[in-house]
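Here is the structure we will look at.
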4 protein chains.
Amino acid sequence: MTTELEHLAARLREFARAREWERFHTPKNLAMALAGEVGELVAEFQWLTAEESGNPDPDTLARMRTELGDVTLYLVRLADVLGVDLMAAAHAKIDDNERRYDADLYRGSARKAPPSPRGT
Amino acid sequence: MTTELEHLAARLREFARAREWERFHTPKNLAMALAGEVGELVAEFQWLTAEESGNPDPDTLARMRTELGDVTLYLVRLADVLGVDLMAAAHAKIDDNERRYDADLYRGSARKAPPSPRGT
Amino acid sequence: MTTELEHLAARLREFARAREWERFHTPKNLAMALAGEVGELVAEFQWLTAEESGNPDPDTLARMRTELGDVTLYLVRLADVLGVDLMAAAHAKIDDNERRYDADLYRGSARKAPPSPRGT
Amino acid sequence: MTTELEHLAARLREFARAREWERFHTPKNLAMALAGEVGELVAEFQWLTAEESGNPDPDTLARMRTELGDVTLYLVRLADVLGVDLMAAAHAKIDDNERRYDADLYRGSARKAPPSPRGT
């Protein structure tokens with residue numbers, strides 16, 4: 001059975017092949033393209049308050065959705081050319097986080113914020 | 001049926017709930033966390049040549065895999081709190097790109113590079 | 001007279017030369033390194049409220065200062081290898097912004113936020 | 001004597017004041033705006049080879065210059081609202097790097113690349 005991410009990766013592979021763009025799609029270039037798209041996504045949120053960011057108006061939400069789509073495309077394409085299984089990598093990372101941030105220890109503690117990703 | 005992305009989103013929802021971290025997980029904050037993780041991912045590629053980036057040594061590939069996992073976690077969590085279907089958003093974006101970049105027109109043309117994401 | 005930015009650029013040039021790192025310092029690689037450092041800077045702010053971000057505790061402020069230093073190093077080095085005068089580029093951009101965002105028009109208007117950088 | 005960076009910071013302060021945009025210019029928001037602009041800058045380099053990135057055509061270089069200007073504006077504005085002296089922070093960081101990466105040790109060594117910024 002083909003999963004939804006495999007299906008998307010296959011569609012992107014064919015998209016690049018049909019345009020002979022594979023040579024541009026080195027992992028290095030795709031990582032940059034991903035960073036560029038995340039920059040566009042972040043820009044949608046930059047002047048919103050925390051509250052506004054959770055209740056975007058329809059036009060803003062539509063732009064966020066478009067940018068989320070772009071980010072997903074480059075993330076899936078990058079993982080595909082590197083041969084990385086994104087779902088396995090993501091679940092392995094939550095497994096780690098569950099061990100590292102014990103729920104009882106971190107809940108209701110004096111810590112005011114989740115740990116920063118530094119050192120992850 | 002639950003898809004793999006829905007399953008991951010549910011696991012992240014429960015992870016945040018168990019630690020009472022939902023109040024930190026505003027879309028604005030999650031977009032920043034995503035940008036931070038993409039920065040760590042990009043850093044893995046910054047001094048590699050194009051060729052090296054396609055043939056990373058096992059340690060480097062393991063770090064890339066870990067960072068790809070982190071990026072996936074925040075992307076899926078951000079889409080979940082915004083109520084955006086990532087797969088639908090991604091396929092809608094490829095549909096657009098297929099219309100915009102006609103394969104026959106862009107293949108073998110004088111254009112030396114795929115279009116930049118500016119204006120997308 | 002040497003300006004402070006020219007002085008910093010000269011110091012970075014010599015730092016790279018002494019280690020024979022010039023071949024790594026292509027504009028492409030330096031742009032990635034800049035993105036990586038900005039990712040680390042953003043991570044310092046991700047879980048802070050707007051208010052907290054304006055009143056960081058001394059340890060947090062020290063880390064922000066370090067990351068701001070890193071970002072400055074790569075920005076100045078990138079501009080130097082490209083032959084771009086950062087101060088001239090910055091002032092040209094404010095000139096543009098002053099024309100585009102007329103103070104009387106944008107002040108006290110219904111607009112709730114400054115224009116997004118999209119399209120700039 | 002006013003340095004060139006102090007002069008730029010003062011001009012940006014007045015720009016924000018005249019439009020009553022100070023309340024949008026929290027450090028958190030400015031860090032996001034900086035990340036967004038760096039995303040646009042990176043996008044200019046993403047499909048270029050290392051060689052091409054060092055020899056951009058005039059139009060590409062003009063766009064790079066514009067994006068470098070934008071990045072500089074937000075970096076200087078962010079440092080100003082945080083009360084951080086960018087030049088002092090940058091020189092402190094090179095001092096560190098000179099201690100950490102001894103020129104004789106790192107030159108001509110088997111290391112193929114400068115140290116990644118992880119852990120910095």
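How things are named: the first chain in the structure tokens is A, the next is B, and so on; residues count from 1 in each chain; ligands count from 1 in the order shown.
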
Moved chain B, fitted on chain A by every C-alpha in sequence order, as a CSV table (one decimal) with C-alpha atoms, in the first residue's frame:
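Writing done, so here's part-v3.csv:
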```csv
chain,number,residue,atom,x,y,z
B,1,MET,CA,0.1,0.0,0.0
B,2,THR,CA,1.3,3.4,-0.8
B,3,THR,CA,1.0,6.0,2.0
B,4,GLU,CA,0.0,9.6,1.4
B,5,LEU,CA,3.5,10.8,1.8
B,6,GLU,CA,4.9,8.2,-0.7
B,7,HIS,CA,2.2,9.2,-3.1
B,8,LEU,CA,3.2,12.9,-2.8
B,9,ALA,CA,6.9,12.1,-3.1
B,10,ALA,CA,6.2,10.1,-6.3
B,11,ARG,CA,4.2,13.0,-7.8
B,12,LEU,CA,7.1,15.4,-7.0
B,13,ARG,CA,9.6,13.0,-8.5
B,14,GLU,CA,7.6,12.9,-11.7
B,15,PHE,CA,7.1,16.7,-11.7
B,16,ALA,CA,10.9,17.2,-11.6
B,17,ARG,CA,11.6,14.5,-14.1
B,18,ALA,CA,9.2,15.9,-16.7
B,19,ARG,CA,11.0,19.2,-16.6
B,20,GLU,CA,14.5,17.8,-16.3
B,21,TRP,CA,14.9,19.7,-13.0
B,22,GLU,CA,16.5,16.8,-11.1
B,23,ARG,CA,20.0,18.3,-11.4
B,24,PHE,CA,18.7,21.4,-9.5
B,25,HIS,CA,17.2,19.2,-6.8
B,26,THR,CA,20.4,18.5,-4.8
B,27,PRO,CA,19.8,18.1,-1.1
B,28,LYS,CA,21.7,21.4,-0.6
B,29,ASN,CA,19.5,23.3,-3.0
B,30,LEU,CA,16.3,21.8,-1.6
B,31,ALA,CA,17.3,22.7,1.9
B,32,MET,CA,17.7,26.3,0.8
B,33,ALA,CA,14.4,26.2,-1.0
B,34,LEU,CA,12.7,24.9,2.1
B,35,ALA,CA,14.3,27.7,4.2
B,36,GLY,CA,13.0,30.3,1.7
B,37,GLU,CA,9.5,28.9,1.9
B,38,VAL,CA,9.6,28.9,5.7
B,39,GLY,CA,10.7,32.5,5.5
B,40,GLU,CA,7.5,33.3,3.5
B,41,LEU,CA,5.4,31.4,6.1
B,42,VAL,CA,7.0,33.2,9.0
B,43,ALA,CA,6.3,36.5,7.3
B,44,GLU,CA,2.6,35.8,7.5
B,45,PHE,CA,2.7,35.7,11.3
B,46,GLN,CA,5.3,38.4,12.0
B,47,TRP,CA,3.0,41.3,12.9
B,48,LEU,CA,0.1,39.3,14.4
B,49,THR,CA,-0.4,39.0,18.1
B,50,ALA,CA,-0.5,35.5,19.6
B,51,GLU,CA,-4.3,35.7,19.7
B,52,GLU,CA,-4.6,37.0,16.1
B,53,SER,CA,-2.3,34.2,14.9
B,54,GLY,CA,-4.9,31.7,16.2
B,55,ASN,CA,-7.8,33.4,14.5
B,56,PRO,CA,-6.6,34.6,11.1
B,57,ASP,CA,-9.1,36.2,8.8
B,58,PRO,CA,-10.0,34.0,5.7
B,59,ASP,CA,-7.5,35.7,3.3
B,60,THR,CA,-4.6,35.4,5.7
B,61,LEU,CA,-5.5,31.8,6.5
B,62,ALA,CA,-5.6,31.1,2.7
B,63,ARG,CA,-2.1,32.5,2.4
B,64,MET,CA,-0.9,30.5,5.4
B,65,ARG,CA,-2.4,27.4,3.8
B,66,THR,CA,-0.6,28.1,0.5
B,67,GLU,CA,2.8,28.6,2.3
B,68,LEU,CA,2.2,25.4,4.4
B,69,GLY,CA,1.7,23.6,1.1
B,70,ASP,CA,5.0,25.0,-0.3
B,71,VAL,CA,6.9,24.0,2.8
B,72,THR,CA,5.4,20.5,2.7
B,73,LEU,CA,6.5,20.1,-1.0
B,74,TYR,CA,10.1,20.9,-0.4
B,75,LEU,CA,10.3,19.0,2.9
B,76,VAL,CA,8.9,15.8,1.2
B,77,ARG,CA,11.1,16.3,-1.9
B,78,LEU,CA,14.2,16.8,0.3
B,79,ALA,CA,13.5,13.7,2.4
B,80,ASP,CA,12.9,11.7,-0.8
B,81,VAL,CA,16.2,12.6,-2.5
B,82,LEU,CA,18.0,11.9,0.8
B,83,GLY,CA,16.2,8.6,1.2
B,84,VAL,CA,14.8,9.5,4.6
B,85,ASP,CA,11.5,8.3,5.9
B,86,LEU,CA,9.9,11.4,7.3
B,87,MET,CA,7.3,9.6,9.4
B,88,ALA,CA,9.8,7.3,11.0
B,89,ALA,CA,12.1,10.3,11.7
B,90,ALA,CA,9.3,12.3,13.3
B,91,HIS,CA,8.1,9.4,15.5
B,92,ALA,CA,11.7,8.7,16.6
B,93,LYS,CA,12.0,12.3,17.6
B,94,ILE,CA,8.8,12.2,19.7
B,95,ASP,CA,10.0,9.0,21.3
B,96,ASP,CA,13.1,11.0,22.3
B,97,ASN,CA,11.1,13.9,23.5
B,98,GLU,CA,8.8,11.7,25.6
B,99,ARG,CA,11.8,10.3,27.4
B,100,ARG,CA,13.5,13.7,27.8
B,101,TYR,CA,10.5,15.7,29.0
B,102,ASP,CA,8.8,13.6,31.5
B,103,ALA,CA,5.1,14.7,31.6
B,104,ASP,CA,4.9,14.8,35.4
B,105,LEU,CA,8.1,16.6,35.8
B,106,TYR,CA,7.4,19.3,33.3
B,107,ARG,CA,3.7,19.8,34.0
B,108,GLY,CA,3.0,22.5,36.5
B,109,SER,CA,6.6,23.0,37.2
B,110,ALA,CA,8.2,26.4,37.7
B,111,ARG,CA,9.5,26.2,34.1
B,112,LYS,CA,7.7,28.8,32.2
B,113,ALA,CA,8.3,27.5,28.7
B,114,PRO,CA,9.0,24.3,26.8
B,115,PRO,CA,12.6,23.6,26.3
B,116,SER,CA,14.3,25.4,23.5
B,117,PRO,CA,15.4,23.3,20.6
B,118,ARG,CA,19.0,24.2,21.2
B,119,GLY,CA,21.0,21.0,21.6
B,120,THR,CA,18.4,18.8,20.1
```

*Could you pull out the residues in chain A that DSSP calls helix (DSSP H, G or I) from the backbone, as a ChimeraX atom specification?*
/A:4-18,22-24,27-45,50-54,58-82,86-100,103-106
